[in-house]
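Raw work-v9.csv, CSV, C-alpha atoms:
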```
chain,number,residue,atom,x,y,z
A,425,MET,CA,-29.8,68.2,-58.7
A,426,LYS,CA,-31.6,67.9,-55.3
A,427,ASN,CA,-34.8,66.4,-56.9
A,428,MET,CA,-32.7,64.0,-59.1
A,429,LEU,CA,-30.9,62.7,-56.1
A,430,VAL,CA,-34.1,62.3,-54.0
A,431,ILE,CA,-35.5,60.1,-56.8
A,432,LEU,CA,-32.3,58.1,-56.9
A,433,PHE,CA,-32.3,57.3,-53.2
A,434,PHE,CA,-35.9,56.0,-53.4
A,435,THR,CA,-35.4,53.9,-56.5
A,436,LEU,CA,-31.8,52.6,-56.2
A,437,THR,CA,-31.2,51.6,-52.5
A,438,SER,CA,-33.6,48.7,-52.0
A,439,VAL,CA,-31.5,45.8,-53.4
A,440,THR,CA,-30.0,43.6,-50.8
A,441,MET,CA,-28.0,40.3,-51.1
A,442,LEU,CA,-26.9,38.0,-48.3
A,443,TYR,CA,-23.6,36.2,-48.5
A,444,ALA,CA,-22.6,33.5,-46.0
A,445,GLN,CA,-19.9,31.0,-47.1
A,446,ASP,CA,-19.4,29.4,-43.7
A,447,GLU,CA,-21.9,29.1,-40.9
A,448,LYS,CA,-19.3,29.7,-38.2
A,449,HIS,CA,-18.3,33.1,-39.7
A,450,PRO,CA,-20.5,36.2,-40.1
A,451,GLY,CA,-22.7,36.5,-43.1
A,452,TRP,CA,-22.8,39.8,-45.0
A,453,THR,CA,-25.7,41.8,-46.5
A,454,HIS,CA,-25.1,44.1,-49.4
A,455,PHE,CA,-26.9,47.5,-49.8
A,456,TYR,CA,-26.4,50.1,-52.4
A,457,ILE,CA,-25.5,53.5,-50.9
A,458,ASP,CA,-25.9,54.7,-54.5
A,459,ALA,CA,-26.5,52.2,-57.3
A,460,ILE,CA,-25.7,54.8,-60.0
A,461,LEU,CA,-23.1,57.3,-59.1
A,462,PRO,CA,-23.2,60.7,-60.7
A,463,GLY,CA,-21.1,60.8,-63.9
A,464,SER,CA,-20.6,58.0,-66.5
A,465,THR,CA,-16.9,57.2,-66.6
A,466,TYR,CA,-14.3,55.7,-64.4
A,467,GLY,CA,-12.6,57.5,-61.5
A,468,ALA,CA,-13.8,58.2,-57.9
A,469,ALA,CA,-12.0,59.2,-54.8
A,470,GLY,CA,-13.1,57.8,-51.5
A,471,PRO,CA,-15.2,56.4,-49.9
A,472,VAL,CA,-14.5,58.5,-46.7
A,473,LEU,CA,-16.4,57.2,-43.7
A,474,ALA,CA,-17.1,59.8,-41.0
A,475,ASP,CA,-19.9,61.5,-39.0
A,476,TYR,CA,-20.2,64.7,-41.1
A,477,ASP,CA,-23.5,65.9,-39.7
A,478,GLY,CA,-22.8,65.2,-36.0
A,479,ASP,CA,-25.8,62.8,-35.5
A,480,GLY,CA,-23.7,60.0,-34.1
A,481,ASP,CA,-23.6,57.6,-37.0
A,482,LEU,CA,-21.3,57.3,-40.0
A,483,ASP,CA,-21.9,59.0,-43.3
A,484,VAL,CA,-19.9,58.6,-46.6
A,485,ALA,CA,-18.1,61.1,-48.8
A,486,ILE,CA,-16.9,60.5,-52.4
A,487,SER,CA,-15.8,62.5,-55.5
A,488,ARG,CA,-16.2,61.8,-59.2
A,489,ARG,CA,-13.6,62.7,-61.8
A,490,ASN,CA,-15.8,63.5,-64.8
A,491,THR,CA,-18.3,65.7,-62.8
A,492,LYS,CA,-15.4,67.3,-60.8
A,493,GLU,CA,-17.8,67.3,-57.8
A,494,ALA,CA,-17.7,65.8,-54.4
A,495,TYR,CA,-20.7,64.4,-52.5
A,496,TRP,CA,-21.6,63.2,-49.1
A,497,TYR,CA,-24.3,60.6,-48.3
A,498,GLU,CA,-26.3,61.0,-45.1
A,499,ARG,CA,-27.2,57.7,-43.6
A,500,PHE,CA,-30.9,57.5,-42.8
A,501,ASN,CA,-30.9,53.7,-42.3
A,502,ASP,CA,-29.1,50.8,-43.8
A,503,SER,CA,-31.0,51.0,-47.1
A,504,ILE,CA,-31.6,54.7,-47.4
A,505,TRP,CA,-28.8,57.2,-47.9
A,506,ILE,CA,-29.6,60.8,-48.7
A,507,PRO,CA,-27.1,62.4,-51.2
A,508,HIS,CA,-25.8,65.9,-50.8
A,509,ILE,CA,-23.3,68.0,-52.8
A,510,ILE,CA,-20.1,69.1,-51.1
A,511,GLY,CA,-18.7,71.2,-53.9
A,512,HIS,CA,-16.9,71.5,-57.3
A,513,ALA,CA,-13.2,71.8,-58.0
A,514,ASP,CA,-11.1,71.2,-61.1
A,515,GLN,CA,-8.6,69.2,-59.0
A,516,LEU,CA,-11.3,66.5,-58.6
A,517,GLY,CA,-10.9,65.7,-62.3
A,518,ASN,CA,-7.7,63.9,-61.5
A,519,THR,CA,-7.9,62.6,-58.0
A,520,LEU,CA,-7.9,59.3,-56.1
A,521,GLY,CA,-6.5,59.8,-52.6
A,522,SER,CA,-8.9,61.0,-49.9
A,523,ALA,CA,-9.3,61.3,-46.1
A,524,GLY,CA,-11.6,62.7,-43.5
A,525,ILE,CA,-9.7,65.1,-41.2
A,526,ASP,CA,-10.7,68.0,-39.0
A,527,ILE,CA,-8.2,70.2,-40.7
A,528,ASP,CA,-9.3,73.5,-39.2
A,529,GLN,CA,-9.9,71.9,-35.8
A,530,ASP,CA,-13.4,73.3,-35.3
A,531,GLY,CA,-14.9,70.0,-34.2
A,532,TRP,CA,-16.3,69.0,-37.6
A,533,THR,CA,-14.8,66.4,-40.0
A,534,ASP,CA,-13.6,68.0,-43.3
A,535,VAL,CA,-12.9,66.1,-46.5
A,536,MET,CA,-9.5,66.1,-48.2
A,537,PHE,CA,-8.8,65.1,-51.8
A,538,GLU,CA,-5.8,65.5,-54.0
A,539,GLY,CA,-4.9,69.2,-54.1
A,540,VAL,CA,-8.1,70.4,-52.5
A,541,TRP,CA,-9.9,70.1,-49.2
A,542,PHE,CA,-13.5,71.1,-48.3
A,543,LYS,CA,-14.4,72.7,-45.0
A,544,ASN,CA,-17.4,71.1,-43.3
A,545,PRO,CA,-19.8,74.0,-42.6
A,546,GLY,CA,-21.3,72.3,-39.6
A,547,ASP,CA,-25.0,71.7,-38.8
A,548,ILE,CA,-25.5,70.1,-42.2
A,549,GLY,CA,-28.3,67.8,-43.2
A,550,LYS,CA,-30.8,69.6,-41.0
A,551,ASP,CA,-32.7,71.6,-43.6
A,552,PRO,CA,-34.1,69.6,-46.5
A,553,TYR,CA,-34.5,72.7,-48.6
A,554,SER,CA,-31.0,74.0,-48.4
A,555,GLU,CA,-27.4,72.7,-48.9
A,556,PRO,CA,-24.9,74.6,-46.7
A,557,GLN,CA,-21.8,75.4,-48.7
A,558,TRP,CA,-18.5,73.6,-48.1
A,559,LYS,CA,-15.8,76.1,-48.8
A,560,SER,CA,-12.8,74.7,-50.8
A,561,TYR,CA,-9.2,75.3,-50.0
A,562,PHE,CA,-6.3,74.4,-52.3
A,563,TYR,CA,-3.0,73.1,-51.2
A,564,LYS,CA,0.3,72.1,-52.8
A,565,GLY,CA,0.6,68.4,-53.3
A,566,GLY,CA,-1.7,65.4,-53.3
A,567,GLY,CA,-1.5,61.9,-54.8
A,568,HIS,CA,-2.6,58.3,-55.0
A,569,ASP,CA,-2.8,57.9,-51.2
A,570,ILE,CA,-3.9,60.3,-48.4
A,571,CYS,CA,-3.9,59.1,-44.8
A,572,SER,CA,-4.6,60.8,-41.4
A,573,ALA,CA,-2.4,60.4,-38.3
A,574,ASP,CA,-0.9,62.4,-35.5
A,575,ILE,CA,2.7,62.6,-36.8
A,576,ASP,CA,4.1,65.3,-34.5
A,577,GLY,CA,2.3,64.1,-31.3
A,578,ASP,CA,0.4,67.3,-30.7
A,579,GLY,CA,-2.9,65.5,-30.3
A,580,SER,CA,-4.4,66.3,-33.7
A,581,ALA,CA,-4.4,64.3,-36.9
A,582,ASP,CA,-2.2,65.4,-39.8
A,583,PRO,CA,-2.5,64.6,-43.5
A,584,VAL,CA,0.1,62.2,-44.8
A,585,ILE,CA,0.3,62.0,-48.6
A,586,TYR,CA,2.2,59.8,-51.1
A,587,ASP,CA,2.2,60.4,-54.8
A,588,GLY,CA,4.4,57.5,-55.7
A,589,TYR,CA,7.5,59.7,-55.9
A,590,LYS,CA,7.3,62.0,-52.8
A,591,LEU,CA,6.1,61.1,-49.3
A,592,SER,CA,5.1,64.0,-47.1
A,593,TRP,CA,3.1,65.0,-44.1
A,594,TYR,CA,1.4,68.4,-43.6
A,595,THR,CA,1.2,70.7,-40.6
A,596,ARG,CA,-1.1,73.6,-40.0
A,597,THR,CA,0.1,77.2,-40.3
A,598,SER,CA,-1.6,80.6,-40.3
A,599,LYS,CA,-1.4,80.5,-44.1
A,600,GLY,CA,-2.8,77.0,-44.5
A,601,LEU,CA,-1.2,73.6,-44.9
A,602,ALA,CA,2.6,73.4,-45.0
A,603,GLU,CA,4.3,70.4,-46.5
A,604,ARG,CA,6.9,68.5,-44.5
A,605,LEU,CA,9.0,66.1,-46.5
A,606,ILE,CA,9.6,62.5,-45.3
A,607,ASP,CA,11.4,61.2,-48.4
A,608,TYR,CA,11.3,61.3,-52.2
A,609,GLY,CA,12.7,59.7,-55.3
A,610,TYR,CA,10.5,56.6,-55.7
A,611,GLU,CA,8.8,55.1,-58.8
A,612,ASP,CA,5.7,53.6,-57.1
A,613,HIS,CA,2.1,53.9,-58.1
A,614,GLY,CA,0.9,54.1,-54.5
A,615,GLY,CA,1.6,52.6,-51.1
A,616,ILE,CA,0.6,54.1,-47.7
A,617,ALA,CA,-3.2,53.8,-47.6
A,618,PRO,CA,-5.4,52.9,-45.9
A,619,ASN,CA,-3.3,52.7,-42.7
A,620,GLY,CA,0.4,52.4,-43.4
A,621,ILE,CA,1.2,54.5,-40.3
A,622,GLY,CA,2.0,53.1,-36.9
A,623,ASP,CA,4.8,52.6,-34.3
A,624,LEU,CA,7.2,50.0,-35.8
A,625,ASP,CA,10.2,50.6,-33.6
A,626,GLY,CA,8.4,50.8,-30.2
A,627,ASP,CA,9.5,54.3,-29.3
A,628,GLY,CA,6.0,55.7,-29.0
A,629,ASP,CA,5.7,57.8,-32.2
A,630,LEU,CA,4.2,56.9,-35.6
A,631,ASP,CA,6.3,55.6,-38.4
A,632,VAL,CA,5.3,55.4,-42.1
A,633,VAL,CA,5.5,52.5,-44.6
A,634,ASN,CA,5.7,52.5,-48.4
A,635,PRO,CA,6.6,49.5,-50.8
A,636,GLY,CA,9.8,48.1,-49.4
A,637,TYR,CA,10.7,50.8,-46.9
A,638,TRP,CA,9.6,52.1,-43.5
A,639,PHE,CA,10.5,55.5,-42.3
A,640,GLU,CA,11.4,56.1,-38.7
A,641,ASN,CA,9.7,59.1,-37.2
A,642,PRO,CA,12.5,61.4,-35.7
A,643,GLY,CA,10.2,62.5,-32.9
A,644,LYS,CA,9.5,65.9,-31.5
A,645,GLN,CA,12.6,67.5,-33.2
A,646,MET,CA,11.1,66.6,-36.6
A,647,GLU,CA,14.5,66.2,-38.2
A,648,ARG,CA,15.4,63.8,-41.0
A,649,TRP,CA,13.4,60.6,-41.2
A,650,THR,CA,15.6,57.4,-41.3
A,651,ARG,CA,14.8,54.9,-44.0
A,652,HIS,CA,14.8,51.1,-43.3
A,653,GLU,CA,14.0,48.1,-45.5
A,654,TRP,CA,11.3,45.5,-45.1
A,655,PRO,CA,10.7,42.4,-47.3
A,656,TYR,CA,8.2,43.6,-49.8
A,657,GLN,CA,7.3,41.2,-52.7
A,658,GLU,CA,6.5,43.0,-55.9
A,659,VAL,CA,4.4,41.5,-58.8
A,660,PRO,CA,6.6,41.0,-61.9
A,661,ASN,CA,5.5,43.3,-64.8
A,662,ALA,CA,2.8,44.8,-62.7
A,663,SER,CA,0.1,46.7,-64.5
A,664,PHE,CA,1.0,50.1,-63.1
A,665,GLY,CA,4.3,49.3,-61.3
A,666,ASN,CA,4.7,48.8,-57.5
A,667,SER,CA,1.6,49.6,-55.6
A,668,ILE,CA,0.1,48.3,-52.4
A,669,ARG,CA,-2.6,48.7,-49.8
A,670,VAL,CA,-1.0,48.5,-46.4
A,671,TRP,CA,-2.0,48.4,-42.7
A,672,ILE,CA,0.1,48.4,-39.6
A,673,ALA,CA,-1.2,46.2,-36.7
A,674,ASP,CA,-0.1,43.6,-34.2
A,675,ILE,CA,-1.3,40.5,-35.9
A,676,ASN,CA,0.2,37.9,-33.5
A,677,LYS,CA,-0.2,39.8,-30.2
A,678,ASP,CA,3.5,39.8,-29.4
A,679,GLY,CA,3.5,43.5,-28.6
A,680,LYS,CA,5.2,44.6,-31.9
A,681,ASN,CA,3.3,46.1,-34.8
A,682,ASP,CA,3.5,44.1,-38.0
A,683,ILE,CA,2.9,45.1,-41.7
A,684,VAL,CA,0.0,43.7,-43.6
A,685,TYR,CA,-0.2,44.5,-47.3
A,686,SER,CA,-1.9,43.5,-50.5
A,687,ASN,CA,-0.5,44.1,-54.0
A,688,CYS,CA,-2.9,46.3,-56.0
A,689,ASP,CA,-3.3,48.1,-59.3
A,690,THR,CA,-2.3,44.9,-61.0
A,691,GLY,CA,-3.5,41.4,-61.7
A,692,GLY,CA,-1.6,38.6,-59.9
A,693,SER,CA,-1.9,40.4,-56.5
A,694,HIS,CA,-1.5,38.5,-53.2
A,695,VAL,CA,-1.9,39.3,-49.5
A,696,TYR,CA,0.9,39.1,-46.9
A,697,TRP,CA,1.5,39.8,-43.3
A,698,VAL,CA,5.1,40.7,-42.4
A,699,GLU,CA,6.1,39.8,-38.9
A,700,ASN,CA,8.1,42.4,-36.9
A,701,LYS,CA,10.8,40.4,-35.2
A,702,ASN,CA,12.9,43.1,-33.7
A,703,ASN,CA,11.3,46.5,-33.6
A,704,GLY,CA,11.6,47.0,-37.3
A,705,ARG,CA,15.2,45.7,-37.6
A,706,SER,CA,14.3,42.2,-38.8
A,707,TRP,CA,11.2,40.8,-40.4
A,708,GLU,CA,9.6,37.5,-41.5
A,709,ALA,CA,7.2,37.6,-44.4
A,710,HIS,CA,4.1,35.3,-44.5
A,711,LYS,CA,2.1,35.0,-47.7
A,712,LEU,CA,-1.6,34.2,-47.1
A,713,ALA,CA,-3.2,31.6,-49.3
A,714,ASP,CA,-5.0,33.0,-52.4
A,715,PRO,CA,-8.8,32.7,-52.3
A,716,PRO,CA,-10.1,29.5,-53.8
A,717,THR,CA,-11.7,29.4,-57.3
A,718,ARG,CA,-15.1,27.8,-57.8
A,719,GLU,CA,-15.5,25.1,-60.4
A,720,GLY,CA,-16.0,26.8,-63.8
A,721,ASP,CA,-14.6,30.2,-62.7
A,722,VAL,CA,-11.4,31.7,-64.1
A,723,PRO,CA,-8.4,31.0,-61.8
A,724,GLY,CA,-5.9,33.6,-60.6
A,725,THR,CA,-6.2,36.9,-58.8
A,726,GLY,CA,-6.9,40.5,-59.7
A,727,SER,CA,-6.0,43.7,-58.0
A,728,PHE,CA,-6.6,43.6,-54.2
A,729,HIS,CA,-7.2,47.4,-54.1
A,730,SER,CA,-9.1,47.1,-50.8
A,731,LEU,CA,-7.5,46.0,-47.5
A,732,GLY,CA,-8.8,46.2,-44.0
A,733,ILE,CA,-7.8,44.9,-40.5
A,734,ALA,CA,-10.5,44.3,-37.8
A,735,ASP,CA,-11.9,41.6,-35.6
A,736,PHE,CA,-14.8,40.8,-37.8
A,737,ASP,CA,-16.1,37.8,-35.8
A,738,GLN,CA,-15.2,39.3,-32.4
A,739,ASP,CA,-13.2,36.4,-31.1
A,740,GLY,CA,-10.4,38.6,-29.9
A,741,ASN,CA,-8.1,38.1,-32.9
A,742,ILE,CA,-7.4,40.6,-35.7
A,743,ASP,CA,-8.6,39.4,-39.1
A,744,ILE,CA,-7.6,40.5,-42.6
A,745,PHE,CA,-10.0,41.6,-45.3
A,746,ALA,CA,-9.0,42.1,-49.0
A,747,GLY,CA,-11.2,42.7,-52.0
A,748,GLU,CA,-10.4,42.5,-55.8
A,749,GLN,CA,-11.5,45.6,-57.8
A,750,GLU,CA,-13.7,45.7,-60.8
A,751,ASP,CA,-11.5,46.8,-63.8
A,752,PRO,CA,-11.6,45.3,-67.3
A,753,SER,CA,-8.4,47.1,-68.4
A,754,VAL,CA,-6.2,44.9,-70.7
A,755,TYR,CA,-4.4,47.6,-72.7
A,756,MET,CA,-1.2,47.3,-70.7
A,757,VAL,CA,-0.7,43.7,-72.0
A,758,GLU,CA,0.6,45.2,-75.3
A,759,GLN,CA,3.3,46.9,-73.2
A,760,GLY,CA,4.4,43.5,-71.8
A,761,LYS,CA,2.6,44.0,-68.5
A,762,VAL,CA,0.0,42.0,-66.5
A,763,ALA,CA,-3.7,42.8,-67.2
A,764,MET,CA,-5.6,44.2,-64.3
A,765,LYS,CA,-7.2,40.8,-63.9
A,766,PRO,CA,-7.3,37.5,-65.8
A,767,GLN,CA,-10.1,37.9,-68.4
A,768,GLY,CA,-13.4,36.7,-67.0
A,769,LEU,CA,-12.2,36.6,-63.4
A,770,LYS,CA,-15.0,37.1,-60.9
A,771,GLU,CA,-14.0,39.6,-58.3
A,772,ARG,CA,-14.0,38.4,-54.7
A,773,GLY,CA,-14.3,39.9,-51.2
A,774,VAL,CA,-12.2,37.7,-48.9
A,775,ILE,CA,-11.6,37.5,-45.1
A,776,TRP,CA,-8.8,35.6,-43.6
A,777,TYR,CA,-9.9,34.8,-40.1
A,778,ASN,CA,-7.1,34.8,-37.6
A,779,LYS,CA,-7.1,31.7,-35.3
A,780,GLY,CA,-4.8,33.3,-32.8
A,781,GLY,CA,-1.4,32.6,-31.2
A,782,THR,CA,2.1,33.9,-31.9
A,783,ASN,CA,2.2,31.9,-35.2
A,784,PRO,CA,-1.4,32.3,-36.3
A,785,ALA,CA,-3.2,30.2,-38.9
A,786,PHE,CA,-5.9,31.8,-41.1
A,787,GLU,CA,-9.2,30.4,-42.3
A,788,ILE,CA,-10.4,31.8,-45.7
A,789,ASP,CA,-14.0,32.9,-46.0
A,790,VAL,CA,-15.0,34.3,-49.5
A,791,ILE,CA,-17.8,36.6,-48.5
A,792,GLN,CA,-18.8,37.6,-52.1
A,793,ILE,CA,-18.1,36.5,-55.7
A,794,ASP,CA,-18.5,38.6,-58.8
A,795,ASN,CA,-19.7,42.2,-58.9
A,796,PRO,CA,-19.8,44.5,-57.1
A,797,GLY,CA,-16.1,44.7,-56.9
A,798,TRP,CA,-14.0,46.5,-54.3
A,799,HIS,CA,-11.9,49.7,-54.4
A,800,ASP,CA,-10.4,51.5,-51.4
A,801,ALA,CA,-12.9,50.0,-48.9
A,802,GLN,CA,-13.3,51.6,-45.5
A,803,LEU,CA,-14.2,49.9,-42.2
A,804,GLY,CA,-16.5,51.1,-39.5
A,805,ASP,CA,-19.5,50.3,-37.4
A,806,VAL,CA,-22.0,51.8,-39.8
A,807,ASP,CA,-25.2,50.4,-38.3
A,808,GLY,CA,-24.1,51.0,-34.7
A,809,ASP,CA,-24.5,47.4,-33.5
A,810,GLY,CA,-21.0,46.9,-32.3
A,811,ASP,CA,-19.4,44.9,-35.1
A,812,ILE,CA,-17.3,46.2,-38.1
A,813,ASP,CA,-19.0,46.8,-41.5
A,814,ILE,CA,-17.4,47.6,-44.9
A,815,VAL,CA,-18.1,50.5,-47.3
A,816,SER,CA,-16.6,50.3,-50.8
A,817,LYS,CA,-16.9,51.8,-54.3
A,818,VAL,CA,-15.9,50.9,-57.8
A,819,TRP,CA,-13.1,52.6,-59.8
A,820,HIS,CA,-13.5,51.3,-63.3
A,821,ALA,CA,-16.7,49.2,-63.5
A,822,ASP,CA,-16.9,46.0,-65.5
A,823,GLY,CA,-20.1,47.5,-67.0
A,824,PRO,CA,-21.6,51.0,-67.5
A,825,ILE,CA,-22.7,51.5,-63.9
A,826,HIS,CA,-20.5,52.9,-61.2
A,827,HIS,CA,-21.7,52.4,-57.7
A,828,LEU,CA,-21.1,52.9,-54.0
A,829,ASP,CA,-21.7,49.9,-51.7
A,830,TYR,CA,-22.3,49.1,-48.1
A,831,TRP,CA,-21.7,45.6,-46.6
A,832,ARG,CA,-23.4,44.9,-43.3
A,833,ASN,CA,-21.7,42.5,-40.9
A,834,GLU,CA,-24.4,40.1,-39.6
A,835,HIS,CA,-22.4,38.8,-36.6
A,836,ARG,CA,-24.5,40.8,-34.1
A,837,LYS,CA,-27.7,39.9,-35.8
A,838,LYS,CA,-27.4,36.1,-35.5
```

Turn the structure described in the file into structure tokens.
Amino acid sequence: MKNMLVILFFTLTSVTMLYAQDEKHPGWTHFYIDAILPGSTYGAAGPVLADYDGDGDLDVAISRRNTKEAYWYERFNDSIWIPHIIGHADQLGNTLGSAGIDIDQDGWTDVMFEGVWFKNPGDIGKDPYSEPQWKSYFYKGGGHDICSADIDGDGSADPVIYDGYKLSWYTRTSKGLAERLIDYGYEDHGGIAPNGIGDLDGDGDLDVVNPGYWFENPGKQMERWTRHEWPYQEVPNASFGNSIRVWIADINKDGKNDIVYSNCDTGGSHVYWVENKNNGRSWEAHKLADPPTREGDVPGTGSFHSLGIADFDQDGNIDIFAGEQEDPSVYMVEQGKVAMKPQGLKERGVIWYNKGGTNPAFEIDVIQIDNPGWHDAQLGDVDGDGDIDIVSKVWHADGPIHHLDYWRNEHRKK
């Protein structure tokens, strides 16, 4: 395995592409972290951006369903990423949610997937002739979405998991992770990742969002969470039912956190920001304009299964990124549902640049058209130059090749 992976990193990481749709906005350069992921069928959890080896830069973890293995990619430079095996677990054969959390609080970032987490052994990546073992631990639960946040205010991050029916967070005990119920009884496909956790009522603790509801953190007493509504717009006859990517952030700088979300896991998705008017008691929804379609391309939208909030152009305003996933699935049409995308649609990565103010306008910049598509993208300063980059993967490729991708923000390199 080691020799095969070394060959792959020399032969498959050299392709770059530069996209710049508007000279006043940053361009983006594409690199393959891995142009051919292990395994040959759909299904990968991650990516999970974190510094796993303690060298000060960001690495990437991912798992594959048909190999039932997890991997981490050590960043050598922008075009060379060295793959390593984390471990094997049967749970990885049916997983999507993932997060990087220091679960055992030893100072090293561990990796959590659905039903299993792997302990970072520390001091990894130093010896090219050995692969330190990541010990696996199983826990009850897991689902479409796994997030990380300090729910109980004790200064350490806790796992928060949504399986579409049950929403829970987990605390550490001497026997492992203990599940703490937030609410249950839903029929969603997903809806709290990548960052649907934040203070919506202004009381200083972290609340949680799913499609149509937000849950008020009861504070230090950790009693029952109170459920409140917010104006979620579902996609009629959605491919897999209600499902969103969501991020809590103060979009208009009025001191109140808003909800930004994209429909996902269905064609006909859109992107919205929902303005918090009164500490979560009243809201105003704003639909962002769909990305434009080039002449000759198929109109419509696919599944915006990637969402991210950051100041990509560093003008002091928070911008919104969303990306459509590769997925040729149409079988659900026979069930009277929407296909995962209009046939022939070319996937797009899109940034809505925030122009500022209490009622902000947004400028659309399509940073990429056609493959590679986007699935559960993660944001971070990968190259250490001070601006925010994007790492993404593919879930169900339009072709036979599944891949892991890095998009470098060229703002600092102008």

*asked:* Need to verify the contact set: segment 810-824 of chain A, 6 Å, all atoms listed in the file, exclusion of same-chain residues closer than 3 positions in sequence. Can you return it as a PyMOL selection string?
replied: chain A and resi 466-468+736+750-752+798-799+801-805+827-833

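Once Asp743 of chain A and its same-chain neighbours fewer than 4 positions away are set aside, A:Ile733, A:Ala734, A:Asp735, A:Phe736, A:Ile775, A:Trp776, A:Tyr777, A:Asn778 remain within 8 Å of it when counting all atoms listed in the file.
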
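For segment 708-712 of chain A, the non-local neighbours within 10 Å, defined as residues at least 6 positions apart in the same chain or in other chains and counting all atoms listed in the file, are A:Trp654, A:Pro655, A:Tyr656, A:Gln657, A:Asp682, A:Ile683, A:Val684, A:Tyr685, A:Ser686, A:His694, A:Val695, A:Tyr696, A:Trp697, A:Val698, A:Glu699, A:Asn700, A:Lys701, A:Ile744, A:Trp776, A:Ala785, A:Phe786, A:Glu787, A:Ile788.
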
_I'd like the neighbourhood of Asp576 of chain A as a VMD selection string, where a residue qualifies if any of its atoms comes within 7 Å (using all atoms listed in the file), though same-chain residues fewer than 2 positions away should be ignored._
chain A and resid 574 578 643 to 644

Would you output that residue set with C-alpha atoms, as a short mmCIF file (atom, residue, chain, number, x, y, z; two decimals), in the frame of the given file?
```cif
data_model
loop_
_atom_site.label_atom_id
_atom_site.label_comp_id
_atom_site.auth_asym_id
_atom_site.auth_seq_id
_atom_site.Cartn_x
_atom_site.Cartn_y
_atom_site.Cartn_z
CA ASP A 574 -0.90 62.40 -35.50
CA ASP A 578 0.40 67.30 -30.70
CA GLY A 643 10.20 62.50 -32.90
CA LYS A 644 9.50 65.90 -31.50
#
```

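Distances here use only C-alpha atoms; by that measure, the residue among A:Gly679, A:Gly614, A:Gly546, A:Gly567 closest to Thr782 of chain A is A:Gly679.
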
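Atom CA of Asn490 of chain A lies 19.1 Å from atom CA of Phe562 of chain A.
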
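For Ser667 of chain A, the residues within 10 Å (counting only C-alpha atoms, excluding itself and residues fewer than 2 positions away along the chain) are His568, Gly588, Glu611, Asp612, His613, Gly614, Gly615, Ile616, Asn634, Pro635, Glu658, Val659, Ala662, Ser663, Phe664, Gly665, Arg669, Val670, Tyr685, Ser686, Asn687, Cys688, Asp689, Thr690, Ser693, Ser727 and His729 of chain A.
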
*Between A:Asn783, A:Asn795, A:Thr519, A:Ser730, single out the one closest to Asp587 of chain A, counting all atoms listed in the file.*
A:Thr519

_Please report the interatomic distance between atom CA of Asn676 of chain A and atom CA of Asn703 of chain A in Å with one decimal._
14.0 Å

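We find atom CA of Lys590 of chain A and atom CA of Leu605 of chain A to be spaced 7.7 Å apart.
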
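Distances here use all atoms listed in the file; by that measure, the residue among A:Gly622, A:Gln557, A:Gly780, A:Ala602 closest to Ser572 of chain A is A:Gly622.
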
*Option closest in space to Tyr476 of chain A, from A:Ile548, A:Ile460, A:Arg488, A:Ile527 [counting all atoms listed in the file]*: A:Ile548

*Quick one: residues within 7 Å of (-3.4, 68.0, -37.2) (file frame), counting only C-alpha atoms, please, as a ChimeraX atom specification.*
/A:527,574,580-582,595-596

*For Trp452 of chain A, the nearest of the candidates A:Ile791, A:Leu473, A:Ile825, A:Cys571, counting all atoms listed in the file*: A:Ile791

Is it possible to add N, CA, C and O atoms to segment 715-721 of chain A and hand it back as a PDB file, in the coordinates of the input?
```pdb
ATOM      1  N   PRO A 715      -7.419  33.208 -52.448  1.00  0.00           N
ATOM      2  CA  PRO A 715      -8.800  32.700 -52.300  1.00  0.00           C
ATOM      3  C   PRO A 715      -9.034  31.554 -53.306  1.00  0.00           C
ATOM      4  O   PRO A 715      -8.498  31.559 -54.417  1.00  0.00           O
ATOM      5  N   PRO A 716      -9.850  30.581 -52.926  1.00  0.00           N
ATOM      6  CA  PRO A 716     -10.100  29.500 -53.800  1.00  0.00           C
ATOM      7  C   PRO A 716     -10.988  29.920 -55.016  1.00  0.00           C
ATOM      8  O   PRO A 716     -11.666  30.953 -54.968  1.00  0.00           O
ATOM      9  N   THR A 717     -10.933  29.123 -56.083  1.00  0.00           N
ATOM     10  CA  THR A 717     -11.700  29.400 -57.300  1.00  0.00           C
ATOM     11  C   THR A 717     -12.801  28.338 -57.428  1.00  0.00           C
ATOM     12  O   THR A 717     -12.526  27.140 -57.348  1.00  0.00           O
ATOM     13  N   ARG A 718     -14.038  28.760 -57.600  1.00  0.00           N
ATOM     14  CA  ARG A 718     -15.100  27.800 -57.800  1.00  0.00           C
ATOM     15  C   ARG A 718     -14.958  27.082 -59.138  1.00  0.00           C
ATOM     16  O   ARG A 718     -14.352  27.608 -60.081  1.00  0.00           O
ATOM     17  N   GLU A 719     -15.505  25.885 -59.203  1.00  0.00           N
ATOM     18  CA  GLU A 719     -15.500  25.100 -60.400  1.00  0.00           C
ATOM     19  C   GLU A 719     -16.167  25.938 -61.553  1.00  0.00           C
ATOM     20  O   GLU A 719     -17.274  26.429 -61.392  1.00  0.00           O
ATOM     21  N   GLY A 720     -15.468  26.080 -62.664  1.00  0.00           N
ATOM     22  CA  GLY A 720     -16.000  26.800 -63.800  1.00  0.00           C
ATOM     23  C   GLY A 720     -15.600  28.284 -63.827  1.00  0.00           C
ATOM     24  O   GLY A 720     -15.741  28.943 -64.867  1.00  0.00           O
ATOM     25  N   ASP A 721     -15.100  28.828 -62.708  1.00  0.00           N
ATOM     26  CA  ASP A 721     -14.600  30.200 -62.700  1.00  0.00           C
ATOM     27  C   ASP A 721     -13.201  30.318 -63.173  1.00  0.00           C
ATOM     28  O   ASP A 721     -12.442  29.347 -63.121  1.00  0.00           O
TER      29      ASP A 721
END
```
